[in-house]
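Listing of upload02.tsv; format and content: TSV, C-alpha atoms and all ligand atoms.
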```
chain	number	residue	atom	x	y	z
A	1	MET	CA	-9.40	10.07	15.56
A	2	TYR	CA	-6.41	8.33	14.04
A	3	ILE	CA	-7.41	5.63	11.54
A	4	GLY	CA	-4.72	3.42	10.07
A	5	ARG	CA	-4.93	0.32	7.92
A	6	PHE	CA	-3.15	-2.70	6.53
A	7	ALA	CA	-4.14	-3.42	2.94
A	8	PRO	CA	-2.71	-6.70	1.64
A	9	SER	CA	-3.33	-8.05	-1.85
A	10	PRO	CA	-4.39	-11.72	-1.63
A	11	SER	CA	-1.68	-12.90	-4.01
A	12	GLY	CA	-0.20	-15.35	-1.50
A	13	PRO	CA	0.30	-16.02	2.20
A	14	LEU	CA	1.74	-13.40	4.54
A	15	HIS	CA	5.56	-13.29	4.31
A	16	PHE	CA	8.07	-11.44	6.47
A	17	GLY	CA	7.80	-8.28	4.31
A	18	SER	CA	4.05	-8.06	4.69
A	19	LEU	CA	4.32	-8.74	8.43
A	20	ILE	CA	6.54	-5.63	8.67
A	21	ALA	CA	3.81	-3.54	7.00
A	22	ALA	CA	1.10	-5.08	9.19
A	23	LEU	CA	3.06	-4.55	12.38
A	24	GLY	CA	4.30	-1.03	11.56
A	25	SER	CA	0.79	0.16	10.71
A	26	TYR	CA	-0.58	-1.57	13.83
A	27	PHE	CA	1.93	0.02	16.22
A	28	GLN	CA	1.50	3.47	14.69
A	29	ALA	CA	-2.33	3.25	14.93
A	30	LYS	CA	-2.41	1.88	18.46
A	31	ALA	CA	0.30	4.26	19.74
A	32	ASN	CA	-1.98	7.07	18.50
A	33	GLN	CA	-5.00	5.55	20.29
A	34	GLY	CA	-6.46	4.91	16.87
A	35	LYS	CA	-8.22	2.21	14.94
A	36	TRP	CA	-6.40	-0.32	12.80
A	37	LEU	CA	-8.39	-1.54	9.80
A	38	VAL	CA	-7.71	-4.39	7.41
A	39	ARG	CA	-8.63	-4.15	3.74
A	40	ILE	CA	-8.21	-6.98	1.25
A	41	GLU	CA	-7.11	-5.53	-2.09
A	42	ASP	CA	-8.62	-8.13	-4.41
A	43	ILE	CA	-9.02	-6.20	-7.65
A	44	ASP	CA	-6.48	-8.08	-9.75
A	45	PRO	CA	-7.79	-11.68	-10.04
A	46	PRO	CA	-5.02	-12.94	-12.38
A	47	ARG	CA	-2.46	-12.23	-9.63
A	48	GLU	CA	-4.52	-13.68	-6.80
A	49	MET	CA	-4.34	-17.05	-5.08
A	50	PRO	CA	-7.67	-18.61	-4.10
A	51	GLY	CA	-8.01	-18.64	-0.31
A	52	ALA	CA	-5.11	-16.23	0.29
A	53	ASP	CA	-7.45	-13.71	1.96
A	54	LYS	CA	-8.43	-16.23	4.64
A	55	LEU	CA	-4.83	-17.34	5.02
A	56	ILE	CA	-3.72	-13.74	5.59
A	57	LEU	CA	-6.50	-13.04	8.11
A	58	ASN	CA	-5.76	-16.28	10.00
A	59	THR	CA	-2.09	-15.38	10.11
A	60	LEU	CA	-2.84	-11.91	11.51
A	61	GLU	CA	-4.89	-13.60	14.22
A	62	ALA	CA	-2.08	-16.06	14.94
A	63	TYR	CA	0.13	-13.00	15.53
A	64	HIS	CA	-2.56	-11.49	17.81
A	65	LEU	CA	-2.99	-8.58	15.41
A	66	TYR	CA	-6.72	-8.04	15.78
A	67	TRP	CA	-8.31	-5.48	13.49
A	68	ASP	CA	-11.10	-3.02	14.25
A	69	GLU	CA	-14.36	-3.06	12.24
A	70	ASP	CA	-15.24	-5.45	9.42
A	71	VAL	CA	-12.66	-6.31	6.78
A	72	LEU	CA	-13.32	-4.36	3.58
A	73	TYR	CA	-12.92	-6.23	0.29
A	74	GLN	CA	-12.11	-4.06	-2.72
A	75	SER	CA	-14.09	-6.44	-4.95
A	76	ASP	CA	-17.20	-5.09	-3.16
A	77	ARG	CA	-16.31	-1.54	-4.16
A	78	LEU	CA	-16.19	-1.81	-7.95
A	79	ASP	CA	-19.39	0.23	-8.43
A	80	ALA	CA	-17.96	3.10	-6.40
A	81	TYR	CA	-14.78	3.10	-8.48
A	82	GLN	CA	-16.80	3.07	-11.72
A	83	GLN	CA	-19.03	5.92	-10.51
A	84	GLN	CA	-16.04	8.14	-9.84
A	85	LEU	CA	-14.57	7.23	-13.19
A	86	ASP	CA	-17.80	8.04	-15.04
A	87	GLN	CA	-17.96	11.39	-13.29
A	88	TRP	CA	-14.45	12.25	-14.44
A	89	LEU	CA	-15.16	11.01	-17.97
A	90	ASN	CA	-18.28	13.20	-18.12
A	91	HIS	CA	-16.28	16.24	-17.02
A	92	ASN	CA	-13.33	15.61	-19.36
A	93	GLN	CA	-11.17	14.97	-16.33
A	94	ALA	CA	-10.44	11.49	-17.65
A	95	TYR	CA	-10.24	10.06	-21.17
A	96	LEU	CA	-9.77	6.89	-23.17
A	97	CYS	CA	-6.30	6.07	-24.41
A	98	GLN	CA	-5.24	3.42	-26.89
A	99	CYS	CA	-1.47	3.81	-26.65
A	100	THR	CA	0.42	0.59	-26.12
A	101	ARG	CA	3.33	0.19	-23.72
A	102	LYS	CA	5.56	-0.26	-26.75
A	103	GLN	CA	4.46	3.05	-28.28
A	104	ILE	CA	5.05	4.89	-25.01
A	105	LYS	CA	8.48	3.33	-24.68
A	106	ALA	CA	9.31	4.41	-28.23
A	107	SER	CA	8.28	8.00	-27.44
A	108	GLY	CA	10.75	8.28	-24.55
A	109	GLY	CA	9.28	6.12	-21.80
A	110	PHE	CA	6.71	8.56	-20.47
A	111	TYR	CA	3.19	9.05	-21.74
A	112	GLN	CA	2.90	12.47	-23.41
A	113	GLY	CA	-0.87	12.96	-23.51
A	114	VAL	CA	-1.18	11.66	-27.09
A	115	CYS	CA	-4.84	10.59	-26.74
A	116	ARG	CA	-6.01	13.49	-24.55
A	117	ASP	CA	-7.84	15.29	-27.36
A	118	LYS	CA	-8.73	12.31	-29.52
A	119	HIS	CA	-12.15	11.73	-27.92
A	120	LEU	CA	-11.92	7.97	-28.36
A	121	THR	CA	-15.07	6.02	-27.59
A	122	ASN	CA	-14.27	2.32	-27.87
A	123	ALA	CA	-13.77	1.44	-24.21
A	124	GLN	CA	-13.05	-2.21	-25.06
A	125	GLU	CA	-9.71	-1.38	-26.60
A	126	CYS	CA	-8.66	1.45	-24.35
A	127	ALA	CA	-7.27	2.26	-20.95
A	128	ILE	CA	-8.62	5.27	-19.03
A	129	ARG	CA	-6.24	8.03	-17.98
A	130	LEU	CA	-6.69	10.90	-15.57
A	131	VAL	CA	-5.87	14.40	-16.80
A	132	MET	CA	-3.01	15.44	-14.54
A	133	ASN	CA	-3.97	18.80	-13.08
A	134	HIS	CA	-2.17	18.36	-9.75
A	135	PRO	CA	1.31	16.99	-10.35
A	136	VAL	CA	3.22	16.10	-7.18
A	137	GLU	CA	6.99	16.27	-7.61
A	138	SER	CA	7.87	15.55	-3.98
A	139	PHE	CA	6.27	14.91	-0.62
A	140	ASP	CA	7.33	14.67	3.00
A	141	ASP	CA	7.21	11.15	4.34
A	142	GLU	CA	6.74	11.17	8.13
A	143	ALA	CA	9.57	8.69	8.64
A	144	TYR	CA	11.84	8.95	5.62
A	145	GLY	CA	11.71	12.71	5.03
A	146	THR	CA	11.42	14.42	1.66
A	147	PHE	CA	11.00	12.07	-1.25
A	148	ALA	CA	11.47	13.43	-4.79
A	149	ILE	CA	9.56	11.97	-7.72
A	150	ASN	CA	10.81	11.91	-11.29
A	151	ARG	CA	9.40	15.04	-12.97
A	152	ASP	CA	8.16	13.29	-16.12
A	153	LEU	CA	6.49	10.63	-14.02
A	154	ALA	CA	4.85	13.26	-11.81
A	155	HIS	CA	3.33	15.03	-14.82
A	156	GLU	CA	2.03	11.95	-16.61
A	157	ASP	CA	-1.72	11.46	-17.18
A	158	PHE	CA	-1.70	8.11	-15.39
A	159	ILE	CA	-3.94	5.08	-15.88
A	160	ILE	CA	-6.94	4.71	-13.58
A	161	LYS	CA	-8.54	1.78	-15.40
A	162	ARG	CA	-6.51	-0.67	-17.37
A	163	ARG	CA	-7.15	-1.80	-20.91
A	164	ASP	CA	-8.05	-5.26	-19.53
A	165	GLY	CA	-10.90	-3.64	-17.59
A	166	LEU	CA	-9.29	-3.83	-14.14
A	167	PHE	CA	-9.22	-0.74	-11.94
A	168	ALA	CA	-5.77	0.67	-11.23
A	169	TYR	CA	-4.29	0.24	-7.77
A	170	ASN	CA	-3.81	4.01	-7.20
A	171	LEU	CA	-7.46	4.79	-7.85
A	172	ALA	CA	-8.87	2.01	-5.68
A	173	VAL	CA	-6.50	2.66	-2.80
A	174	VAL	CA	-7.26	6.39	-2.61
A	175	LEU	CA	-11.04	6.02	-2.96
A	176	ASP	CA	-10.98	3.39	-0.20
A	177	ASP	CA	-8.66	5.31	2.11
A	178	ILE	CA	-11.10	8.23	1.81
A	179	TYR	CA	-14.17	5.96	2.20
A	180	GLN	CA	-12.74	4.37	5.35
A	181	GLY	CA	-11.65	7.71	6.85
A	182	VAL	CA	-7.99	6.67	6.94
A	183	THR	CA	-5.87	9.49	8.40
A	184	GLU	CA	-2.42	8.06	7.76
A	185	VAL	CA	-1.01	5.31	5.57
A	186	VAL	CA	1.85	3.18	6.90
A	187	ARG	CA	3.22	0.64	4.40
A	188	GLY	CA	6.33	-0.71	2.71
A	189	ALA	CA	8.74	1.55	0.85
A	190	ASP	CA	8.01	-0.27	-2.43
A	191	LEU	CA	4.98	2.03	-2.59
A	192	ILE	CA	6.77	5.30	-1.86
A	193	GLU	CA	6.84	6.42	-5.50
A	194	PRO	CA	3.13	5.88	-6.30
A	195	THR	CA	2.37	8.02	-3.24
A	196	GLY	CA	2.86	11.10	-5.47
A	197	ARG	CA	0.00	9.95	-7.69
A	198	GLN	CA	-2.12	9.14	-4.69
A	199	ILE	CA	-1.63	12.65	-3.29
A	200	SER	CA	-2.55	14.11	-6.68
A	201	LEU	CA	-5.75	12.02	-6.61
A	202	TYR	CA	-6.65	13.55	-3.24
A	203	LYS	CA	-6.16	17.00	-4.80
A	204	THR	CA	-8.20	16.10	-7.88
A	205	LEU	CA	-10.98	14.94	-5.56
A	206	ASP	CA	-10.73	18.21	-3.59
A	207	LYS	CA	-9.70	16.37	-0.43
A	208	THR	CA	-6.87	17.19	1.93
A	209	PRO	CA	-4.07	14.67	1.44
A	210	ILE	CA	-3.30	12.45	4.43
A	211	SER	CA	0.13	11.67	5.84
A	212	TYR	CA	2.34	8.77	4.77
A	213	VAL	CA	4.94	6.62	6.48
A	214	HIS	CA	7.01	4.22	4.40
A	215	LEU	CA	8.77	1.41	6.22
A	216	PRO	CA	12.07	-0.03	5.01
A	217	LEU	CA	11.63	-2.92	2.64
A	218	ALA	CA	12.92	-6.35	3.64
A	219	LEU	CA	15.07	-7.84	0.87
A	220	ASP	CA	15.99	-11.48	0.34
A	221	ASP	CA	19.56	-12.82	0.26
A	222	ASN	CA	19.84	-11.87	-3.41
A	223	GLY	CA	18.79	-8.28	-2.79
A	224	ASN	CA	15.29	-8.73	-4.25
A	225	LYS	CA	12.08	-7.57	-2.61
A	226	LEU	CA	10.40	-10.34	-0.62
A	227	SER	CA	7.36	-11.19	-2.66
A	228	LYS	CA	5.31	-14.10	-3.83
A	229	GLN	CA	6.92	-13.82	-7.28
A	230	ASN	CA	10.31	-14.34	-5.59
A	231	HIS	CA	8.90	-17.23	-3.55
A	232	ALA	CA	9.14	-15.49	-0.18
A	233	LYS	CA	8.20	-18.10	2.37
A	234	ALA	CA	5.05	-17.85	4.45
A	235	ILE	CA	5.68	-16.82	8.06
A	236	ASP	CA	5.34	-19.34	10.86
A	237	THR	CA	1.86	-19.37	12.39
A	238	GLU	CA	2.52	-22.26	14.83
A	239	ASN	CA	5.31	-20.49	16.68
A	240	PRO	CA	4.84	-16.81	15.94
A	241	LYS	CA	6.83	-15.28	18.79
A	242	LYS	CA	10.26	-15.65	17.23
A	243	THR	CA	9.17	-14.04	13.96
A	244	LEU	CA	7.26	-11.32	15.80
A	245	LEU	CA	10.38	-10.33	17.73
A	246	GLU	CA	12.48	-10.47	14.58
A	247	ALA	CA	10.01	-8.16	12.81
A	248	MET	CA	10.07	-5.80	15.80
A	249	ARG	CA	13.87	-5.66	15.68
A	250	PHE	CA	13.62	-4.93	11.96
A	251	LEU	CA	11.35	-2.00	12.85
A	252	GLY	CA	14.06	-0.55	15.09
A	253	PHE	CA	13.06	-1.79	18.55
A	254	THR	CA	15.84	-2.72	20.98
A	255	ILE	CA	14.46	-5.80	22.64
A	256	ASP	CA	15.45	-6.83	26.12
A	257	PRO	CA	15.89	-10.65	26.36
A	258	SER	CA	13.39	-10.72	29.23
A	259	LEU	CA	10.64	-9.63	26.81
A	260	CYS	CA	11.06	-12.92	24.94
A	261	ASN	CA	9.47	-14.78	27.87
A	262	GLU	CA	6.35	-12.63	27.81
A	263	SER	CA	3.07	-13.54	26.09
A	264	MET	CA	2.32	-12.34	22.55
A	265	ASP	CA	-0.17	-9.81	23.92
A	266	ASN	CA	2.36	-8.42	26.40
A	267	ILE	CA	4.99	-8.14	23.71
A	268	LEU	CA	2.59	-6.25	21.44
A	269	ASP	CA	1.50	-3.97	24.30
A	270	TRP	CA	5.14	-3.24	25.08
A	271	GLY	CA	5.64	-2.44	21.38
A	272	VAL	CA	2.70	-0.02	21.33
A	273	LYS	CA	4.01	1.79	24.43
A	274	ASN	CA	7.55	2.07	23.14
A	275	TRP	CA	6.88	2.80	19.47
A	276	HIS	CA	8.33	6.00	17.98
A	277	LEU	CA	8.63	6.74	14.27
A	278	SER	CA	12.15	8.04	14.95
A	279	GLN	CA	13.31	4.48	15.75
A	280	LEU	CA	12.84	3.39	12.11
A	281	PRO	CA	16.02	2.89	10.11
A	282	LYS	CA	16.29	5.84	7.67
A	283	THR	CA	16.64	3.71	4.60
A	284	LEU	CA	14.28	2.32	1.98
A	285	LYS	CA	15.73	-1.22	1.85
A	286	ILE	CA	17.35	-3.65	4.27
A	287	LYS	CA	19.17	-6.89	3.42
A	288	PRO	CA	19.29	-9.92	5.72
A	289	PRO	CA	20.30	-10.88	8.35
A	290	PHE	CA	17.57	-8.80	9.98
A	291	SER	CA	17.99	-9.69	13.64
A	292	ASN	CA	20.74	-7.88	15.45
A	293	GLY	CA	21.05	-10.38	18.28
A	294	ALA	CA	20.09	-13.87	19.33
A	295	LEU	CA	16.48	-14.36	20.34
B	301	LIG	N1	-2.24	-3.96	-1.69
B	301	LIG	C1	-0.91	-3.40	-1.72
B	301	LIG	C2	0.10	-4.52	-1.56
B	301	LIG	O1	-0.22	-5.55	-1.01
B	301	LIG	C3	-0.66	-2.39	-0.61
B	301	LIG	C4	-1.48	-1.18	-0.77
B	301	LIG	C5	-1.19	-0.07	0.19
B	301	LIG	O2	-0.77	-0.33	1.34
B	301	LIG	O3	-1.42	1.07	-0.19
B	301	LIG	O4	1.22	-4.35	-1.99
```

In structure tokens, write the structure found in this file.
Ligand code: GLU
Amino acid sequence: MYIGRFAPSPSGPLHFGSLIAALGSYFQAKANQGKWLVRIEDIDPPREMPGADKLILNTLEAYHLYWDEDVLYQSDRLDAYQQQLDQWLNHNQAYLCQCTRKQIKASGGFYQGVCRDKHLTNAQECAIRLVMNHPVESFDDEAYGTFAINRDLAHEDFIIKRRDGLFAYNLAVVLDDIYQGVTEVVRGADLIEPTGRQISLYKTLDKTPISYVHLPLALDDNGNKLSKQNHAKAIDTENPKKTLLEAMRFLGFTIDPSLCNESMDNILDWGVKNWHLSQLPKTLKIKPPFSNGAL
């Protein structure tokens, strides 16, 4: 069975960019008669906003995007992440590293394995890196096509637990996608590059990598990614239909004006029936204006 997911970080309310990811993953899951799960990625408290998880879930409901099964919170999964990490540390598949960002920059910008054989033990002052045995230099995105990854980046022993004690995004996301039985990831193109590392984690864990779809990223008027840091505004929950249709146009649907008079549920059903990956614009970024016609 197809299992898809939407995995927002609770760093702020849902903006237009995150609605694209929610909607794209929803359509792809439902068009494949699958389940659509929601996972709250709350493993980076300094970047989080109290209450943002509830705000995001309420907004999804306002858009009639109802998820299957219980919402998974990554903060409930820390023991599982640590267990995997300990196993790798015990098998010399991971190691402590004390290199600073500055030192890595000075040595050419990519980490060269300096601490791999140092057998450091003071976890308080170190990050944990994974020995890179399965470098991924390119992969085939189901929508975008072949995506090449910088060779040095692909071969780096990357960080799985940060020096500040927080688990790295790539580790948590892959362990959870496996745990939840996710069969395909659909998300924004800002995460297309880390996908290489995620596929190498599947290989390290002896699992078959899943498929990936990266949706074009919505930019703001200045050409920046819509994000909380750039003060992207929260989407309208009072009057969601206009934004829903705008997001659907962004995702490549041609919308007949008569659809605008339908209910939210009918619009979403129409979207599920008419969704094809081939409709997605073949680009990684799109600047406003997003709608190609009056609503
Ligand atoms: N939590 C990540 C974000 O909000 C998305 C993770 C993913 O979809 O893999 O940017």

Residues around (8.4, -16.2, -4.0), cut-off 12 Å, counting all atoms listed in the file - what are they as number ranges by chain? A: 11-17, 219-220, 224-234

May I have the residues within 6 Å of ligand LIG 301 (chain B), computed using all atoms listed in the file, as a PyMOL selection string? chain A and resi 7-9+41+173+187

Nearest to Val174 in chain A: which of A:Leu205, A:Ile267, A:Ala21, A:Leu153 is it, counting all atoms listed in the file?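 Of the candidates, the smallest distance to Val174 in chain A is held by A:Leu205.
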
Please provide the set of residues having any atom within 6 Å of range 270-281 of chain A, restricted to only C-alpha atoms, with same-chain residues fewer than 5 positions apart removed, written as an mmCIF file with C-alpha atoms, in the coordinates of the input.
```
data_model
loop_
_atom_site.group_PDB
_atom_site.id
_atom_site.type_symbol
_atom_site.label_atom_id
_atom_site.label_comp_id
_atom_site.auth_asym_id
_atom_site.auth_seq_id
_atom_site.Cartn_x
_atom_site.Cartn_y
_atom_site.Cartn_z
ATOM 1 C CA PHE A 27 1.930 0.020 16.220
ATOM 2 C CA ALA A 31 0.300 4.260 19.740
ATOM 3 C CA LEU A 251 11.350 -2.000 12.850
ATOM 4 C CA GLY A 252 14.060 -0.550 15.090
#
```

Ala94 in chain A surroundings by only C-alpha atoms, 10 Å radius, close-in-sequence under 5 positions cut, as a ChimeraX atom specification: /A:85-89,116,128-132,157-160

Compare A:Gly108, A:Trp36, A:Lys242, A:Val71 by their minimum atom-to-atom distance to Lys54 in chain A, counting all atoms listed in the file, and give me the closest one.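 Among the listed residues, A:Val71 lies closest to Lys54 in chain A.
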
Counting only C-alpha atoms, I want the residues whose atoms come within 8 Å of (-0.3, -20.3, 14.3) in the file frame, returned as a list of chain:residue names.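 Output: A:Thr59, A:Ala62, A:Tyr63, A:Asp236, A:Thr237, A:Glu238, A:Asn239, A:Pro240.
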
If I take CA of Ser18 in chain A and CA of Asp190 in chain A, how far is one from the other in Å, to one decimal?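 If I compute the distance from CA of Ser18 in chain A to CA of Asp190 in chain A, I get 11.3 Å.
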
Taking only residues of range 200-249 of chain A that have an atom at most 12 Å from an atom of range 144-152 of chain A, what is each one's shortest atom pair and its distance in Å to one decimal, using only C-alpha atoms, in chain and number order, as a Markdown table?
```
| residue | atom | partner | partner_atom | distance |
| --- | --- | --- | --- | --- |
| A:Ser211 | CA | A:Gly145 | CA | 11.7 |
| A:Tyr212 | CA | A:Tyr144 | CA | 9.5 |
| A:Val213 | CA | A:Tyr144 | CA | 7.3 |
| A:His214 | CA | A:Tyr144 | CA | 6.9 |
| A:Leu215 | CA | A:Tyr144 | CA | 8.2 |
| A:Pro216 | CA | A:Tyr144 | CA | 9.0 |
```

All residues 7 Å or closer to range 28-30 of chain A, all atoms listed in the file, same chain fewer than 2 positions away omitted, as a PDB file with C-alpha atoms, in the coordinates of the input:
```pdb
ATOM      1  CA  TYR A   2      -6.410   8.330  14.040  1.00  0.00           C
ATOM      2  CA  ILE A   3      -7.410   5.630  11.540  1.00  0.00           C
ATOM      3  CA  GLY A   4      -4.720   3.420  10.070  1.00  0.00           C
ATOM      4  CA  GLY A  24       4.300  -1.030  11.560  1.00  0.00           C
ATOM      5  CA  SER A  25       0.790   0.160  10.710  1.00  0.00           C
ATOM      6  CA  TYR A  26      -0.580  -1.570  13.830  1.00  0.00           C
ATOM      7  CA  ASN A  32      -1.980   7.070  18.500  1.00  0.00           C
ATOM      8  CA  GLN A  33      -5.000   5.550  20.290  1.00  0.00           C
ATOM      9  CA  GLY A  34      -6.460   4.910  16.870  1.00  0.00           C
ATOM     10  CA  LYS A  35      -8.220   2.210  14.940  1.00  0.00           C
ATOM     11  CA  TRP A  36      -6.400  -0.320  12.800  1.00  0.00           C
ATOM     12  CA  VAL A 272       2.700  -0.020  21.330  1.00  0.00           C
TER      13      VAL A 272
END
```

Residues within 10 Å of Pro288 in chain A, all atoms listed in the file, excluding chain neighbours under 6 positions, as a PyMOL selection string: chain A and resi 218-223+250

Between A:Gln124, A:Thr208, A:Gln198, A:Gln74, smallest distance to Gly181 in chain A by all atoms listed in the file belongs to A:Thr208

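CA of Ala22 in chain A to CA of Thr243 in chain A spans 13.0 Å [interatomic distance, one decimal].
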
Residues near Ala127 in chain A, anyone? I mean within 8 Å using all atoms listed in the file, not counting same-chain ones fewer than 3 positions away, as a ChimeraX atom specification. /A:96-98,123,159-165

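Closest approach to Asp140 in chain A among A:Ala80, A:Ile192, A:Met49, A:Leu259 is made by A:Ile192 (distances from all atoms listed in the file).
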
Point-to-point distance in Å for CA of Leu245 in chain A and CA of Asp265 in chain A: 12.2 Å

Please determine, counting only C-alpha atoms, which residue among A:Asn122, A:Gly113, A:Asp269, A:Phe139 has the shortest atom-to-atom distance to Leu65 in chain A.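 So, comparing all the options, the nearest one is A:Asp269.
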
Using all atoms listed in the file, can you tell me which of A:Arg197, A:Lys285, A:Arg5, A:His134 comes closest to Tyr66 in chain A?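 Among the listed residues, A:Arg5 lies closest to Tyr66 in chain A.
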